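J.: Please see the structure below; I have some questions.
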Amino acid sequence: MANTLVEYEYLAKDALKAGIAKTIVVESPWLRYLPFIEIVGNNLLYNMETVEAAADFYSVGEQWVEGTPTWEQRSTELSILGGDADVDSFIQQTRKDQNIEAAVIELKAKAIAAKFELHAVLGRTTASATYSTSKSFKGLLRIIGECESSSTTDLDGVNNTQVCPANAASTVLTLDMLDELIDRVKPKPTHLIMNSALRRKVKSLARAAGNNLEVALGKLGMPVERYGEQEILICDHIPNNIQDGASSVLAIASYDPTITRAAGYDNSVIFAVRFGEDGLCGCQNGGIQTELIGKLENKDAFRTRIKFYCGMALFNKLASAVMINVQYAAA
């Protein structure tokens with residue numbers, strides 16, 4: 001059974017580990033809702049459902065035909081995500097009215113959450129060494145690209161049904177486009193993932209249509225906005241300076257995160273996903289772990305190491321889709 005990190009946080013018996021998990025899920029909407037399965041080893045070779053099983057009507061005595069789903073093999077590798085939290089002994093001793101260790105570990109947990117979110121979108125995607133590193137797991141852009149084939153590294157709106165081009169090159173978002181994206185996920189997505197700028201655009205479009213986005217309480221009692229049945233998750237690691245597509249195809253490997261947003265480089269993406277063991281799911285081995293390294297030899301400090309062996313997998317092609325070449329406003 002897959003649990004979210006929210007649920008793992010309540011299951012944890014170690015107070016430090018529980019506190020780190022709670023900080024991470026508060027910081028990251030991705031990690032608040034993404035379920036994780038425990039895997040053995042450092043990689044997972046799995047079958048992704050690409051065509052649903054068929055059914056038919058039959059006459060009495062007619063021979064029945066098997067209609068099994070079609071599967072294709074995909075793989076995901078666990079990455080080592082973590083960091084060391086060093087607490088200076090002098091600061092800790094002279095500020096006994098403050099819990100310096102807790103503050104430092106909390107900041108490190110937030111950094112881990114931010115790094116996971118960044119690579120959940122862009123992992124092994126761009127030409128930048130920061131994101132294309134083989135140390136990282138595959139991000140959702142790369143995973144959806146592989147819905148076309150295991151070797152595909154672009155988002156092809158012509159040959160990949162899970163890529164929904166807003167335009168052949170670039171255009172401003174409309175609600176009709178968003179509805180089309182939602183319809184690409186079967187039976188329906190649980191969440192829409194977008195950055196703050198596009199969320200503002202969706203709210204503006206909804207108000208102009210005479211409606212407002214619904215607000216409800218999500219996990220941990222935190223408010224979430226809903227567009228129809230889907231909760232909107234905000235991820236500001238989704239960029240706003242992606243280059244224009246070409247004939248409904250986006251070459252994600254050539255994206256340059258450092259380029260200034262301007263005409264020709266003013267696009268973003270929106271994801272529609274169904275989180276679950278039969279959809280988009282995180283993979284881990286051992287969950288969030290902590291190690292007390294202790295006193296350091298080269299400086300007057302003691303160290304706590306936080307590590308997370310993690311990755312992502314898409315078990316059903318129809319559980320995720322992405323809209324490309326979309327703007328919140330022209331540059």
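Starting from 1 in every chain, residues are counted up; chains themselves are A, B, ... following the order of the structure tokens, and ligands are numbered from 1 as listed.
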With a distance cut-off of 10 Å and only C-alpha atoms, select the neighbouring residues of Leu122 (chain A), excluding the residue or stretch itself and same-chain residues fewer than 6 positions from it, and output the selection as a ChimeraX atom specification.
T.: /A:116,130-132,136-142,237-239,252-253,255,257
J.: Among the residues of region 127-288 of chain A, find those DSSP assigns to alpha helix (DSSP H) from the backbone and print them as an NGL selection string.
T.: :A and (129-132 or 140-145 or 175-183 or 196-208)
J.: Select, from A:Gln92, A:Asn316, A:Asn167, A:Thr174, the residue with the minimum atom-to-atom distance to Gly276 (chain A), counting only C-alpha atoms.
T.: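 When distances to Gly276 (chain A) are compared using only C-alpha atoms, the smallest one comes from A:Asn316.
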J.: Expressed in Å to a single decimal, how great is the separation between CA of Ala55 (chain A) and CA of Ala272 (chain A)?
T.: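 Straight-line distance from CA of Ala55 (chain A) to CA of Ala272 (chain A) works out to 26.9 Å.
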